[in-house]
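Student: I'd like to ask some things about the structure below.
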Amino acid sequence: MYIKDLGLYDGKEVTLKGWAANKRESKGLVFIIMRDGSGLCQAVVDAGKVAEELFEAARKVTLETSLIIKGIVVKDERQVGGYEVQVSAVEILQTAVDYPIAKKEHGVDFLMDHRHLWLRSQRQWAIMRIRNRIIYAIHQFFQEDGFVQMDAPIFTGNACEGTTNLFETEYYGEAAYLSQSGQLYGEAMAMAMGKIYTFGPTFRAEKSKTRRHLSEFWMIEPEMAFYDIFDNMDLIERFLRRVVSEVLQTCKTELEIIGRDTAILENIVKPFPRLTYDEAVSIIKGEKEVNGKNAITSLETELEVVKKRIDEIHTEIKEREEKIKTPGMKKGEIGFNQAKIDKLKQELDDMEEQARNIPQWLNSARTFEYGNDFGGSDETVLTRLFDVPIMVYNWPHAVKAFYLKRDPNDSRFARGVDTLAPEGYGEIVGGGERETDEQLLIEKINEHGLPMQAFEWYLDLRRYGAVPHAGFGLGLERLVTWICKLPHVRESIPFPRMYGRLLP
RNA sequence: UCCUCGAUAGCUCAGCUGGUUAGAGCACAUGACUGUUAAUCAUGGGGUCCCUGGUUCGAGCCCAGGUCGGGGAGCCA
């Protein structure tokens, strides 16, 4: 019996096993908000209807105490979930003393130290359920489309793209590294199976402290034989559309809990703009407009808006602080204003952060040099102009991975494609068509200073029945972060591993 | 590695130009209230002001170095 099914038992007696998410009390009545993993529900213990010792036990229930209750389901529109339970029996399993996560807001560091408990809170519950649904939708999409899941190894013996961002470990006395991509193995598997996808953990020892980076994250890497870059883009678009639509259809409650504005997600039915690197660069530099919007001037406007908001917040805080000091003010009203002030101060911190960052981004966009890869700020500048994901393809070959196919029409470019999420979330997918020409690959491997011997097996794929093929890599946590519009990737995975944090 | 912001009660924070006994709200405990929605009201306990050194008659506040954390750059999904 789970809380989510209470509606099926209207008027009947049920037994619920769970935890106390909250408790309120008045004379003769105890309200316990039960949480069982499937949902929330209010349980009412009435002194007049239960034995005295039962009522006393209910009164002593603390936050996150585990308990079993028995009672009658009553429809009540005012309650979370629309039902409440009139309790006839309570059994305490274990009384939780001083549960550290209070009902009020906490700081990031404190919450991260208590991640194992934080996961119980409603917002984290909703995010994890959306993450689960995204994973399920990914499998649904690929399986229904004839893909075979084939996973790449996690231990790798050679440092294919340099050792600086690889985690080194030891493998029976040999140096080994944790995988940072299953890409090359994916190509081999696609030659065996036609269409495959990998779904596994990936490790990057990048000392990055930003809202987009994790040291351990989950990546989905499909690889398809006989696909070119355009087939690849079609697939990316169809894939993202399917995942978003599944989430919209099946996670209404969860999206509501996290307060996600779904308007942008509903938009995902529209085609994704496909821009060449050249076009994208002119947009970033403000030489080309998108729907009448200029990247540079609209960011300047944004900066003005932010500055104005900072002023507004300052005056509002001052007003409310004055208000609190007026004599005779009720305690409730003071509390209300204090809460508002706390919220405003947090917003102020964010705004001031933005006011510091935007000028840097503007500078980066203005001075962008043709031929460079995009940085995080360039992606932000670009994607702010769109309300759907965009795909940027045909990159200068020098800035992209060695295995990307040289554009047959223009040898300056490689057939890579990056998919950038809207709302400033940046790159969620990176991929492209693979080089099939053995000689060009050998040149590239030498150019990058990579050990040829380690790539012999990879070159075999070009010697024995090479075919055009393409694929992409999708960072699960970045996708979850964007779909949920989270302020930081750390909330998109149960136990984030990031620079400076290995516990819990 | 670099830039930038920060560290005060269990939690979130205030603490003015350096001044005598460091504050609030929440949480917790006790009590009041028979329908609460972060319930409310009253009372109470609770402090290594991150560390080390310096300036000063006097440092939570100023200076130097360090530790830890937030955000950004680089790198990336």
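To be explicit about the labels: the chains of the structure tokens are called A, B, and onward in the order shown, and within each one the residues are counted from 1, while ligands get numbers from 1 in the order they are shown.
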Could you name the residues that touch segment 28-44 of chain A at 9 Å or less, counting only C-alpha atoms (C1' of nucleotides), but leaving out those on the same chain fewer than 5 positions away, as number ranges by chain?
Tutor: A: 2-6, 16-23, 55, 58-59, 61, 64, 67, 69, 71, 79-87, 120, 122, 125; B: 34-36
Student: Near Glu347 of chain A, within 10 Å and counting only C-alpha atoms (C1' of nucleotides), which residues show up once chain neighbours fewer than 6 positions away are dropped, as an mmCIF file with N, CA, C and O atoms, in the first residue's frame?
Tutor:
data_model
loop_
_atom_site.group_PDB
_atom_site.id
_atom_site.type_symbol
_atom_site.label_atom_id
_atom_site.label_comp_id
_atom_site.auth_asym_id
_atom_site.auth_seq_id
_atom_site.Cartn_x
_atom_site.Cartn_y
_atom_site.Cartn_z
ATOM 1 N N ARG A 309 17.724 45.820 -11.267
ATOM 2 C CA ARG A 309 17.132 44.906 -10.287
ATOM 3 C C ARG A 309 17.897 44.966 -8.960
ATOM 4 O O ARG A 309 17.306 44.922 -7.890
ATOM 5 N N ILE A 310 19.218 45.082 -9.056
ATOM 6 C CA ILE A 310 20.038 45.184 -7.842
ATOM 7 C C ILE A 310 19.617 46.414 -7.034
ATOM 8 O O ILE A 310 19.421 46.334 -5.817
ATOM 9 N N ILE A 313 16.252 45.784 -5.424
ATOM 10 C CA ILE A 313 16.347 44.891 -4.265
ATOM 11 C C ILE A 313 16.873 45.659 -3.061
ATOM 12 O O ILE A 313 16.342 45.541 -1.961
ATOM 13 N N ILE A 341 13.048 39.265 3.186
ATOM 14 C CA ILE A 341 14.375 39.867 3.147
ATOM 15 C C ILE A 341 15.438 38.803 2.853
ATOM 16 O O ILE A 341 16.312 39.003 2.008
ATOM 17 N N GLU A 353 26.442 38.382 -8.752
ATOM 18 C CA GLU A 353 27.290 37.419 -9.465
ATOM 19 C C GLU A 353 27.164 37.654 -10.971
ATOM 20 O O GLU A 353 28.163 37.702 -11.696
#
Student: What's the 10 Å shell around segment 1-7 of chain B, counting only C-alpha atoms (C1' of nucleotides), without same-chain residues fewer than 3 positions away, as a list in words?
Tutor: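 Contacts, with the query itself left out: Lys207, Asp349, Glu352, Glu353, Arg356 and Asn357 of chain A; C49, C50, C68, G69, G70, G71, G72, A73 and G74 of chain B.
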Student: Once you have the residues from the selection above, write them out as a compact mmCIF listing (two decimals), in the first residue's frame, restricted to N, CA and C atoms (P, O5', C5', C4', C3', O3' and C1' of nucleotides).
Tutor:
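Listing of out-v7.txt after writing:
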# COMPACT_ATOMS: atom_id res chain seq x y z
N LYS A 207 39.74 20.11 -13.10
CA LYS A 207 39.58 20.85 -11.84
C LYS A 207 38.63 22.03 -12.05
N ASP A 349 22.56 38.23 -4.17
CA ASP A 349 23.83 37.53 -4.40
C ASP A 349 23.93 37.03 -5.84
N GLU A 352 24.31 39.98 -8.25
CA GLU A 352 25.64 40.58 -8.20
C GLU A 352 26.66 39.68 -8.91
N GLU A 353 26.44 38.38 -8.75
CA GLU A 353 27.29 37.42 -9.46
C GLU A 353 27.16 37.65 -10.97
N ARG A 356 28.83 40.67 -12.26
CA ARG A 356 30.28 40.49 -12.41
C ARG A 356 30.61 39.67 -13.66
N ASN A 357 29.73 38.67 -13.96
CA ASN A 357 30.02 37.75 -15.06
C ASN A 357 29.71 38.31 -16.45
P C B 49 35.60 32.33 19.32
O5' C B 49 34.68 32.45 18.03
C5' C B 49 35.29 32.47 16.72
C4' C B 49 34.28 32.94 15.73
C3' C B 49 34.90 33.84 14.67
O3' C B 49 34.28 33.56 13.43
C1' C B 49 33.16 34.99 15.75
P C B 50 35.17 33.41 12.15
O5' C B 50 35.99 32.08 12.38
C5' C B 50 35.36 30.82 12.58
C4' C B 50 36.31 29.72 12.19
C3' C B 50 37.76 29.98 12.56
O3' C B 50 38.04 29.62 13.90
C1' C B 50 37.63 29.31 10.30
P C B 68 42.13 23.13 1.75
O5' C B 68 40.58 23.43 2.02
C5' C B 68 39.84 22.62 2.91
C4' C B 68 38.53 23.30 3.25
C3' C B 68 37.63 23.63 2.07
O3' C B 68 36.92 22.53 1.56
C1' C B 68 37.74 25.49 3.51
P G B 69 36.52 22.46 0.01
O5' G B 69 35.36 23.54 -0.11
C5' G B 69 34.07 23.24 0.39
C4' G B 69 33.21 24.47 0.38
C3' G B 69 32.87 25.04 -0.98
O3' G B 69 31.88 24.31 -1.67
C1' G B 69 33.45 26.79 0.49
P G B 70 31.79 24.36 -3.26
O5' G B 70 31.15 25.80 -3.53
C5' G B 70 29.82 26.06 -3.12
C4' G B 70 29.44 27.48 -3.46
C3' G B 70 29.56 27.85 -4.93
O3' G B 70 28.47 27.38 -5.68
C1' G B 70 30.49 29.56 -3.61
P G B 71 28.67 26.81 -7.15
O5' G B 71 29.10 28.12 -7.97
C5' G B 71 28.10 29.05 -8.36
C4' G B 71 28.73 30.29 -8.92
C3' G B 71 29.50 30.14 -10.21
O3' G B 71 28.64 30.07 -11.33
C1' G B 71 30.73 31.50 -8.73
P G B 72 29.05 29.23 -12.62
O5' G B 72 30.31 30.05 -13.18
C5' G B 72 30.11 31.21 -13.97
C4' G B 72 31.40 31.95 -14.17
C3' G B 72 32.42 31.34 -15.11
O3' G B 72 32.06 31.47 -16.46
C1' G B 72 33.52 32.27 -13.24
P A B 73 32.63 30.44 -17.54
O5' A B 73 34.17 30.86 -17.61
C5' A B 73 34.55 32.08 -18.22
C4' A B 73 36.04 32.19 -18.26
C3' A B 73 36.76 31.05 -18.95
O3' A B 73 36.78 31.24 -20.35
C1' A B 73 37.82 31.52 -16.89
P G B 74 36.61 29.98 -21.33
O5' G B 74 37.95 29.17 -21.08
C5' G B 74 39.19 29.62 -21.59
C4' G B 74 40.30 28.75 -21.03
C3' G B 74 40.18 27.27 -21.37
O3' G B 74 40.78 26.97 -22.62
C1' G B 74 40.57 27.52 -19.06
Student: Set the distance at 7 Å and use only C-alpha atoms (C1' of nucleotides): which residues neighbour Met391 of chain A once local chain neighbours fewer than 6 positions away are removed? I'd like the list as a ChimeraX atom specification.
Tutor: /A:272-275,417-420
Student: Counting only C-alpha atoms (C1' of nucleotides), collect the residues of chain A whose closest atom lies at most 9 Å from chain B, and write them out as JSON, numbers by chain.
Tutor: {"A": [24, 25, 26, 27, 28, 29, 30, 31, 46, 47, 78, 79, 98, 100, 101, 102, 103, 104, 105, 106, 107, 108, 109, 110, 165, 204, 206, 207, 208, 209, 210, 211, 212, 213, 217, 218, 219, 332, 335, 338, 339, 342, 353, 356, 357, 360, 375, 376, 427, 428, 429, 430, 473, 474, 475, 476, 477, 478]}
Student: Could you pull out all residues of segment 97-175 of chain A with a DSSP call of strand (DSSP E or B) and give them as a VMD selection string?
Tutor: chain A and resid 148 to 149 155 to 156 168 to 171 174 to 175
Student: Counting only C-alpha atoms, which of A:Gly431, A:Gly7, A:Glu491, A:Ala57 gets nearest to Glu77 of chain A?
Tutor: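 Smallest separation from Glu77 of chain A among the options: A:Gly7.
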Student: As a VMD selection string, please: the residues near G66 of chain B (cut-off 12 Å, only C-alpha atoms (C1' of nucleotides), same-chain neighbours under 6 positions excluded).
Tutor: chain B and resid 50 to 53
Student: Could those residues be written to a file, using C-alpha atoms (C1' of nucleotides), as an mmCIF file, in the first residue's frame?
Tutor:
data_model
loop_
_atom_site.group_PDB
_atom_site.id
_atom_site.type_symbol
_atom_site.label_atom_id
_atom_site.label_comp_id
_atom_site.auth_asym_id
_atom_site.auth_seq_id
_atom_site.Cartn_x
_atom_site.Cartn_y
_atom_site.Cartn_z
ATOM 1 C "C1'" C B 50 37.626 29.308 10.296
ATOM 2 C "C1'" C B 51 43.224 29.050 11.714
ATOM 3 C "C1'" U B 52 48.090 31.499 12.640
ATOM 4 C "C1'" G B 53 50.556 35.902 13.263
#
Student: Could you give me, as a list in words, the residues within 12 Å of G54 of chain B, counting only C-alpha atoms (C1' of nucleotides) and dropping anything in the same chain fewer than 4 positions from it?
Tutor: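 Returned residues: A59, C62, C63, A64 and G65 of chain B.
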Student: Leaving out Arg238 of chain A and any residue of its chain fewer than 2 positions from it, which residues lie within 10 Å of it when counting only C-alpha atoms (C1' of nucleotides), given as a list in words?
Tutor: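 Residues meeting the cut-off are Phe141, Asn232, Met233, Asp234, Leu235, Ile236, Leu240, Arg241, Arg242, Val243, Ile268, Val269, Pro271 and Phe272 of chain A.
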